[in-house]
$ cat final_1.cif   # mmCIF, C-alpha atoms
data_my_file
#
loop_
_atom_site.label_atom_id
_atom_site.label_comp_id
_atom_site.auth_asym_id
_atom_site.auth_seq_id
_atom_site.Cartn_x
_atom_site.Cartn_y
_atom_site.Cartn_z
CA MET B 60 -15.32 5.04 10.41
CA LYS B 61 -14.83 7.05 13.62
CA LEU B 62 -11.20 7.59 14.64
CA ARG B 63 -9.46 9.35 17.53
CA THR B 64 -7.76 11.76 15.13
CA GLU B 65 -9.01 13.90 12.24
CA LYS B 66 -5.64 13.52 10.51
CA MET B 67 -6.73 10.15 9.08
CA LEU B 68 -10.01 9.42 7.35
CA ALA B 69 -11.60 6.08 6.44
CA ASN B 70 -14.79 5.06 4.68
CA ARG B 71 -16.18 2.13 2.73
CA SER B 72 -18.04 2.32 -0.57
CA GLU B 73 -19.09 -0.50 -2.93
CA GLY B 74 -16.43 -2.93 -1.79
CA ILE B 75 -13.64 -0.33 -1.64
CA GLY B 76 -12.07 0.76 1.64
CA TRP B 77 -10.74 4.30 1.28
CA VAL B 78 -7.87 5.43 3.54
CA THR B 79 -6.97 9.13 3.45
CA PHE B 80 -3.90 10.76 4.98
CA ASN B 81 -5.43 14.06 6.07
CA GLN B 82 -2.79 16.59 7.03
CA PRO B 83 -2.66 18.63 3.79
CA GLU B 84 -1.22 21.73 5.50
CA LYS B 85 1.94 19.61 6.05
CA ARG B 86 1.68 17.76 2.73
CA ASN B 87 0.25 14.80 4.66
CA ALA B 88 3.45 14.20 6.61
CA ILE B 89 2.79 11.28 8.94
CA CYS B 90 2.79 12.00 12.66
CA LEU B 91 2.54 9.47 15.46
CA GLU B 92 -1.24 9.71 15.86
CA MET B 93 -1.62 9.04 12.14
CA TRP B 94 0.48 5.87 12.43
CA GLU B 95 -1.74 4.72 15.29
CA ALA B 96 -4.93 5.39 13.32
CA LEU B 97 -3.58 3.76 10.16
CA GLY B 98 -3.06 0.46 11.99
CA GLU B 99 -6.61 0.64 13.35
CA ILE B 100 -8.07 1.36 9.91
CA LEU B 101 -6.22 -1.43 8.13
CA GLU B 102 -7.08 -3.98 10.81
CA THR B 103 -10.76 -3.04 10.56
CA PHE B 104 -10.79 -3.25 6.78
CA ASP B 105 -8.90 -6.56 6.86
CA GLN B 106 -11.64 -8.08 9.02
CA ASP B 107 -14.56 -6.52 7.12
CA PRO B 108 -15.92 -8.97 4.52
CA GLU B 109 -17.58 -6.09 2.68
CA VAL B 110 -14.16 -4.59 1.87
CA ARG B 111 -12.62 -6.31 -1.15
CA VAL B 112 -9.84 -3.80 -1.92
CA VAL B 113 -8.19 -0.88 -0.09
CA VAL B 114 -7.14 2.44 -1.64
CA LEU B 115 -4.57 4.70 0.05
CA ARG B 116 -4.61 8.39 -0.88
CA GLY B 117 -3.60 11.82 0.39
CA ALA B 118 -5.84 14.81 1.00
CA GLY B 119 -5.41 18.13 -0.74
CA GLY B 120 -4.12 17.02 -4.15
CA LYS B 121 -0.51 18.14 -3.55
CA ALA B 122 0.89 15.11 -1.74
CA PHE B 123 0.27 11.44 -1.14
CA VAL B 124 2.53 11.51 1.92
CA SER B 125 5.61 13.75 2.04
CA GLY B 126 7.36 11.60 4.67
CA ALA B 127 7.47 11.65 8.43
CA ASP B 128 6.39 14.78 10.30
CA ILE B 129 9.86 16.19 10.98
CA THR B 130 8.49 18.59 13.58
CA GLU B 131 8.18 15.54 15.86
CA PHE B 132 11.82 14.50 15.45
CA GLU B 133 13.16 16.67 18.27
CA THR B 134 10.61 15.31 20.74
CA GLN B 135 9.93 11.81 19.40
CA ARG B 136 13.01 10.70 17.38
CA ALA B 137 15.97 12.71 18.67
CA ASN B 138 18.13 9.62 19.38
CA ALA B 139 18.22 5.83 19.01
CA THR B 140 16.24 5.23 22.22
CA GLN B 141 13.42 7.54 21.14
CA ARG B 142 13.51 6.08 17.63
CA GLU B 143 12.92 2.62 19.09
CA ALA B 144 9.93 3.85 21.09
CA TYR B 145 8.53 5.65 18.03
CA SER B 146 9.01 2.52 15.92
CA ARG B 147 7.12 0.38 18.43
CA ILE B 148 4.11 2.68 18.20
CA ALA B 149 4.24 2.73 14.40
CA ALA B 150 4.88 -1.02 14.20
CA ASN B 151 1.20 -2.00 14.22
CA ALA B 152 0.52 0.10 11.13
CA ASN B 153 3.58 -1.28 9.38
CA ARG B 154 2.55 -4.86 10.20
CA TRP B 155 -0.86 -4.31 8.69
CA LEU B 156 0.58 -2.56 5.63
CA ALA B 157 2.75 -5.63 5.06
CA ARG B 158 0.26 -8.37 5.86
CA ILE B 159 -3.26 -7.10 5.09
CA SER B 160 -5.17 -9.83 3.29
CA LYS B 161 -6.93 -7.42 0.93
CA PRO B 162 -5.22 -6.00 -2.18
CA MET B 163 -4.09 -2.38 -1.79
CA ILE B 164 -3.82 0.43 -4.32
CA ALA B 165 -1.82 3.63 -3.76
CA MET B 166 -3.33 6.69 -5.43
CA ILE B 167 -0.45 9.16 -5.65
CA GLU B 168 -0.75 12.89 -6.33
CA GLY B 169 2.20 15.18 -5.77
CA TYR B 170 4.87 14.34 -3.21
CA CYS B 171 5.50 10.70 -2.30
CA ILE B 172 8.65 11.00 -0.26
CA GLY B 173 10.49 9.00 2.41
CA GLY B 174 7.98 7.28 4.68
CA GLY B 175 5.30 8.12 2.13
CA LEU B 176 7.11 6.16 -0.55
CA ALA B 177 7.74 3.33 1.92
CA THR B 178 4.00 3.26 2.60
CA ALA B 179 3.13 3.25 -1.10
CA LEU B 180 5.59 0.39 -1.74
CA ASN B 181 3.39 -1.85 0.42
CA ALA B 182 0.56 -1.44 -2.06
CA ASP B 183 0.02 -4.03 -4.78
CA ILE B 184 -0.62 -1.40 -7.44
CA ARG B 185 0.48 2.24 -7.64
CA PHE B 186 -1.18 4.95 -9.74
CA ALA B 187 0.44 8.39 -10.00
CA THR B 188 -0.08 11.67 -11.80
CA PRO B 189 2.62 13.02 -14.14
CA GLU B 190 3.36 15.77 -11.59
CA SER B 191 4.08 13.31 -8.78
CA THR B 192 7.51 13.42 -7.16
CA PHE B 193 9.33 10.50 -5.53
CA GLY B 194 12.41 10.07 -3.37
CA ILE B 195 13.90 8.78 -0.13
CA PRO B 196 15.95 11.63 1.43
CA ALA B 197 17.31 9.61 4.36
CA ALA B 198 20.90 10.47 3.42
CA ARG B 199 20.07 14.17 3.66
CA LEU B 200 18.79 13.73 7.21
CA GLY B 201 21.50 11.39 8.47
CA LEU B 202 19.07 8.72 9.59
CA GLY B 203 19.39 4.97 9.04
CA TYR B 204 16.83 3.22 6.85
CA GLU B 205 15.28 0.00 8.14
CA MET B 206 16.26 -3.22 6.36
CA THR B 207 12.66 -4.30 5.73
CA GLY B 208 12.02 -1.10 3.76
CA ILE B 209 15.18 -1.55 1.72
CA GLN B 210 14.21 -5.16 0.94
CA VAL B 211 10.82 -4.09 -0.44
CA LEU B 212 12.50 -1.43 -2.57
CA VAL B 213 15.12 -3.86 -3.95
CA ASP B 214 12.46 -6.47 -4.73
CA LEU B 215 10.50 -3.88 -6.71
CA VAL B 216 13.12 -1.88 -8.64
CA GLY B 217 16.26 -4.04 -8.36
CA PRO B 218 19.53 -3.34 -6.55
CA ALA B 219 20.93 -0.84 -9.08
CA ASN B 220 17.93 1.48 -8.90
CA ALA B 221 17.67 1.00 -5.14
CA ARG B 222 21.31 2.08 -4.72
CA ASP B 223 20.68 5.17 -6.84
CA ILE B 224 17.56 6.13 -4.86
CA MET B 225 19.23 5.63 -1.47
CA VAL B 226 22.74 7.03 -1.98
CA SER B 227 21.76 10.05 -4.08
CA ALA B 228 18.66 10.92 -1.99
CA ARG B 229 17.49 12.70 -5.16
CA TYR B 230 13.90 13.38 -6.17
CA PHE B 231 12.54 12.08 -9.48
CA GLU B 232 9.33 12.34 -11.45
CA ALA B 233 6.59 9.88 -12.37
CA GLU B 234 7.89 8.90 -15.82
CA GLU B 235 11.22 7.80 -14.35
CA ALA B 236 9.41 5.98 -11.54
CA LEU B 237 7.36 4.18 -14.19
CA ARG B 238 10.45 3.15 -16.16
CA MET B 239 12.13 1.62 -13.11
CA GLY B 240 8.95 -0.24 -12.10
CA LEU B 241 8.30 1.80 -8.97
CA ILE B 242 4.75 2.62 -10.13
CA ASN B 243 2.34 0.82 -12.44
CA PHE B 244 0.35 3.60 -14.12
CA VAL B 245 0.73 7.31 -14.86
CA VAL B 246 -2.67 8.99 -15.17
CA PRO B 247 -3.63 12.64 -15.83
CA SER B 248 -4.69 14.44 -12.65
CA ASP B 249 -8.26 14.99 -13.83
CA GLN B 250 -8.67 11.25 -14.51
CA LEU B 251 -6.92 9.85 -11.45
CA MET B 252 -9.94 9.36 -9.21
CA SER B 253 -12.10 7.84 -11.95
CA GLN B 254 -9.39 5.46 -13.16
CA VAL B 255 -8.38 4.35 -9.67
CA THR B 256 -12.03 3.80 -8.75
CA ALA B 257 -12.63 1.80 -11.94
CA TYR B 258 -9.54 -0.34 -11.31
CA ALA B 259 -10.45 -0.89 -7.64
CA SER B 260 -13.98 -1.88 -8.68
CA LEU B 261 -12.52 -4.35 -11.17
CA VAL B 262 -10.48 -5.95 -8.38
CA ALA B 263 -13.45 -5.88 -5.98
CA ASP B 264 -15.58 -7.82 -8.47
CA ASN B 265 -13.05 -10.68 -8.70
CA ALA B 266 -13.07 -13.84 -6.60
CA PRO B 267 -11.57 -12.84 -3.21
CA MET B 268 -10.04 -16.25 -2.50
CA THR B 269 -8.29 -16.30 -5.87
CA VAL B 270 -6.98 -12.77 -5.40
CA HIS B 271 -5.71 -13.65 -1.91
CA ALA B 272 -4.04 -16.85 -3.11
CA ALA B 273 -2.34 -15.01 -5.97
CA ARG B 274 -1.01 -12.29 -3.67
CA GLU B 275 0.33 -14.84 -1.18
CA THR B 276 1.94 -16.86 -3.97
CA ILE B 277 3.69 -13.79 -5.37
CA ARG B 278 4.97 -12.95 -1.89
CA ALA B 279 6.22 -16.52 -1.51
CA VAL B 280 8.15 -16.64 -4.79
CA LEU B 281 10.02 -13.48 -3.78
CA LYS B 282 11.37 -15.23 -0.68
CA PRO B 283 14.33 -17.63 -0.51
CA GLU B 284 13.34 -21.20 -1.41
CA GLY B 285 13.45 -22.42 2.20
CA GLU B 286 10.99 -19.74 3.33
CA GLN B 287 8.34 -20.12 0.65
CA ARG B 288 5.86 -22.24 2.68
CA SER B 289 4.80 -24.18 -0.41
CA GLU B 290 2.33 -26.34 1.55
CA HIS B 291 0.51 -23.21 2.75
CA ILE B 292 0.35 -21.87 -0.79
CA GLN B 293 -0.94 -25.18 -2.14
CA ALA B 294 -3.65 -25.17 0.52
CA LEU B 295 -4.80 -21.73 -0.62
CA ILE B 296 -4.90 -22.90 -4.23
CA ASP B 297 -6.83 -26.06 -3.32
CA ALA B 298 -9.32 -23.97 -1.32
CA CYS B 299 -10.04 -21.94 -4.46
CA PHE B 300 -10.86 -25.09 -6.44
CA ASN B 301 -13.10 -26.36 -3.63
CA SER B 302 -14.94 -23.06 -3.18
CA GLU B 303 -18.48 -22.03 -4.04
CA ASP B 304 -16.96 -19.10 -5.90
CA TYR B 305 -15.30 -21.49 -8.34
CA LYS B 306 -18.72 -23.08 -9.01
CA GLU B 307 -20.22 -19.62 -9.45
CA GLY B 308 -17.43 -18.62 -11.84
CA ARG B 309 -18.06 -21.67 -14.02
CA ARG B 310 -21.81 -21.10 -14.02
CA ALA B 311 -21.44 -17.42 -14.86
CA PHE B 312 -19.08 -18.21 -17.73
CA ALA B 313 -21.50 -20.77 -19.16
CA GLU B 314 -24.43 -18.40 -18.75
CA LYS B 315 -22.49 -15.44 -20.18
CA ARG B 316 -23.13 -13.21 -17.18
CA LYS B 317 -21.12 -11.39 -14.53
CA PRO B 318 -20.22 -13.69 -11.61
CA ASP B 319 -21.40 -12.85 -8.10
CA PHE B 320 -18.51 -13.93 -5.87
CA LYS B 321 -19.10 -14.22 -2.13
CA GLY B 322 -15.59 -15.01 -0.95
CA GLY B 323 -16.21 -18.61 0.02
#

$ encode --input "final_1.cif" --output "structure tokens"
Amino acid sequence: MKLRTEKMLANRSEGIGWVTFNQPEKRNAICLEMWEALGEILETFDQDPEVRVVVLRGAGGKAFVSGADITEFETQRANATQREAYSRIAANANRWLARISKPMIAMIEGYCIGGGLATALNADIRFATPESTFGIPAARLGLGYEMTGIQVLVDLVGPANARDIMVSARYFEAEEALRMGLINFVVPSDQLMSQVTAYASLVADNAPMTVHAARETIRAVLKPEGEQRSEHIQALIDACFNSEDYKEGRRAFAEKRKPDFKGG
């Protein structure tokens, strides 16, 4: 996929859309052009029927994303007015991170800090190496953290852990992140790529409509009862039962073979 910046990379392989944060000399700190490209990548993958699952990763092996590119703060985020302008530009990427219809996996090596952790929290599944480091150092920088990001964090690790992460601004390792539910799997560095690829392939082979309905249902149950859109969820479930994929799944089970799901 051709992009206007070399600081983000994207390619598709066997149903997997790979997204790479490519600024390893700055531990993949996200700058404004990377936010712009990320939105473009995710929108393209969302609309590509050949992409069944998306994997987010960082280049260089030492960081997933180490946060925002602080060198831009003096020129792009020096005050509330500039912060608002910066946020508008980054908003498209954040919208797609939150609403992409394909399942996402975060493949974390090394630093996953601040905006990098916020990005990883949008993934459905998070793999990390034992050497990975997590944290949200907002309190060390004096900046305010957006409510939507806090909500995702609280939903995932609970209010007690969220308070600890935010008020201490401390860094912590993968085993602690696993215990609090921040990540799903801890994998040795030399096995990370193979295990993430195997897991992504497993997801890619499943019925896309069922996967989509399950993700939307999980999102709905995390919302207050009045915002759950139960009719929309029921329509997604009914569509699964009326799909050709459901027929294919039943046939494949009876014939003791791997199903060939088309997404319809």

$ residues_around --input "final_1.cif" --residues "segment 88-99 of chain B" --least-positions-apart "3" --cutoff "7 Å" --atoms "only C-alpha atoms" --output "list in words"
Leu62, Thr64, Lys66, Met67, Gln82, Lys85, Glu102, Thr103, Val124, Ser125, Gly126, Ala127, Asp128, Ile148, Ala149, Asn151, Ala152 and Trp155 of chain B

$ residues_around --input "final_1.cif" --residues "segment 71-77 of chain B" --least-positions-apart "5" --cutoff "7 Å" --atoms "all atoms listed in the file" --output "number ranges by chain"
B: 104, 109-115, 259, 263

$ atom_distance --input "final_1.cif" --atom1 "atom CA of Gly119 of chain B" --atom2 "atom CA of Phe193 of chain B"
17.3 Å

$ residues_around --input "final_1.cif" --residues "segment 180-187 of chain B" --least-positions-apart "4" --cutoff "10 Å" --atoms "only C-alpha atoms" --output "PyMOL selection string"
chain B and resi 113-115+123+153+155-159+161-169+171+174-176+191-192+208+211-212+215+232-234+236-237+240-248+251-252+254-255+258-259+274

$ closest_residue --input "final_1.cif" --among "B:Phe80, B:Arg238, B:Ser260, B:Pro218" --to "Thr178 of chain B" --atoms "only C-alpha atoms"
B:Phe80

$ build_atoms --input "final_1.cif" --residues "segment 268-300 of chain B" --atoms "N, CA and C atoms" --output "CSV table (one decimal), in the coordinates of the input"
chain,number,residue,atom,x,y,z
B,268,MET,N,-11.0,-15.2,-2.9
B,268,MET,CA,-10.0,-16.2,-2.5
B,268,MET,C,-8.9,-16.4,-3.5
B,269,THR,N,-9.3,-16.2,-4.8
B,269,THR,CA,-8.3,-16.3,-5.9
B,269,THR,C,-7.3,-15.1,-5.8
B,270,VAL,N,-7.8,-13.9,-5.5
B,270,VAL,CA,-7.0,-12.8,-5.4
B,270,VAL,C,-6.0,-13.0,-4.2
B,271,HIS,N,-6.5,-13.4,-3.1
B,271,HIS,CA,-5.7,-13.6,-1.9
B,271,HIS,C,-4.6,-14.7,-2.2
B,272,ALA,N,-5.0,-15.8,-2.8
B,272,ALA,CA,-4.0,-16.8,-3.1
B,272,ALA,C,-3.0,-16.3,-4.0
B,273,ALA,N,-3.3,-15.5,-5.0
B,273,ALA,CA,-2.3,-15.0,-6.0
B,273,ALA,C,-1.4,-14.1,-5.3
B,274,ARG,N,-1.9,-13.2,-4.4
B,274,ARG,CA,-1.0,-12.3,-3.7
B,274,ARG,C,0.0,-13.0,-2.8
B,275,GLU,N,-0.5,-14.1,-2.1
B,275,GLU,CA,0.3,-14.8,-1.2
B,275,GLU,C,1.4,-15.6,-2.0
B,276,THR,N,1.0,-16.1,-3.1
B,276,THR,CA,1.9,-16.9,-4.0
B,276,THR,C,3.0,-15.9,-4.5
B,277,ILE,N,2.7,-14.7,-4.9
B,277,ILE,CA,3.7,-13.8,-5.4
B,277,ILE,C,4.6,-13.4,-4.2
B,278,ARG,N,4.1,-13.2,-3.0
B,278,ARG,CA,5.0,-13.0,-1.9
B,278,ARG,C,5.9,-14.1,-1.6
B,279,ALA,N,5.4,-15.3,-1.8
B,279,ALA,CA,6.2,-16.5,-1.5
B,279,ALA,C,7.4,-16.7,-2.5
B,280,VAL,N,7.1,-16.4,-3.8
B,280,VAL,CA,8.2,-16.6,-4.8
B,280,VAL,C,9.3,-15.6,-4.7
B,281,LEU,N,9.0,-14.5,-4.0
B,281,LEU,CA,10.0,-13.5,-3.8
B,281,LEU,C,10.9,-13.8,-2.6
B,282,LYS,N,10.6,-14.8,-1.8
B,282,LYS,CA,11.4,-15.2,-0.7
B,282,LYS,C,12.4,-16.3,-1.1
B,283,PRO,N,13.4,-16.5,-0.3
B,283,PRO,CA,14.3,-17.6,-0.5
B,283,PRO,C,13.6,-18.9,-0.5
B,284,GLU,N,14.1,-19.9,-1.2
B,284,GLU,CA,13.3,-21.2,-1.4
B,284,GLU,C,12.9,-21.8,-0.1
B,285,GLY,N,13.8,-21.8,0.9
B,285,GLY,CA,13.4,-22.4,2.2
B,285,GLY,C,12.4,-21.7,3.0
B,286,GLU,N,12.0,-20.5,2.6
B,286,GLU,CA,11.0,-19.7,3.3
B,286,GLU,C,9.7,-19.6,2.6
B,287,GLN,N,9.5,-20.4,1.5
B,287,GLN,CA,8.3,-20.1,0.6
B,287,GLN,C,7.0,-20.7,1.1
B,288,ARG,N,7.1,-21.6,2.1
B,288,ARG,CA,5.9,-22.2,2.7
B,288,ARG,C,5.0,-22.8,1.6
B,289,SER,N,5.5,-23.7,0.8
B,289,SER,CA,4.8,-24.2,-0.4
B,289,SER,C,3.5,-24.9,0.0
B,290,GLU,N,3.5,-25.6,1.1
B,290,GLU,CA,2.3,-26.3,1.6
B,290,GLU,C,1.2,-25.4,1.8
B,291,HIS,N,1.5,-24.2,2.5
B,291,HIS,CA,0.5,-23.2,2.8
B,291,HIS,C,-0.1,-22.7,1.5
B,292,ILE,N,0.8,-22.4,0.5
B,292,ILE,CA,0.4,-21.9,-0.8
B,292,ILE,C,-0.5,-22.9,-1.5
B,293,GLN,N,-0.1,-24.1,-1.5
B,293,GLN,CA,-0.9,-25.2,-2.1
B,293,GLN,C,-2.3,-25.3,-1.5
B,294,ALA,N,-2.4,-25.1,-0.2
B,294,ALA,CA,-3.6,-25.2,0.5
B,294,ALA,C,-4.6,-24.0,0.1
B,295,LEU,N,-4.0,-22.9,-0.1
B,295,LEU,CA,-4.8,-21.7,-0.6
B,295,LEU,C,-5.3,-22.0,-2.0
B,296,ILE,N,-4.5,-22.6,-2.9
B,296,ILE,CA,-4.9,-22.9,-4.2
B,296,ILE,C,-6.0,-24.0,-4.2
B,297,ASP,N,-5.8,-25.0,-3.4
B,297,ASP,CA,-6.8,-26.1,-3.3
B,297,ASP,C,-8.2,-25.5,-2.8
B,298,ALA,N,-8.1,-24.6,-1.9
B,298,ALA,CA,-9.3,-24.0,-1.3
B,298,ALA,C,-10.1,-23.2,-2.4
B,299,CYS,N,-9.4,-22.6,-3.3
B,299,CYS,CA,-10.0,-21.9,-4.5
B,299,CYS,C,-10.8,-23.0,-5.3
B,300,PHE,N,-10.2,-24.1,-5.6
B,300,PHE,CA,-10.9,-25.1,-6.4
B,300,PHE,C,-12.0,-25.7,-5.7
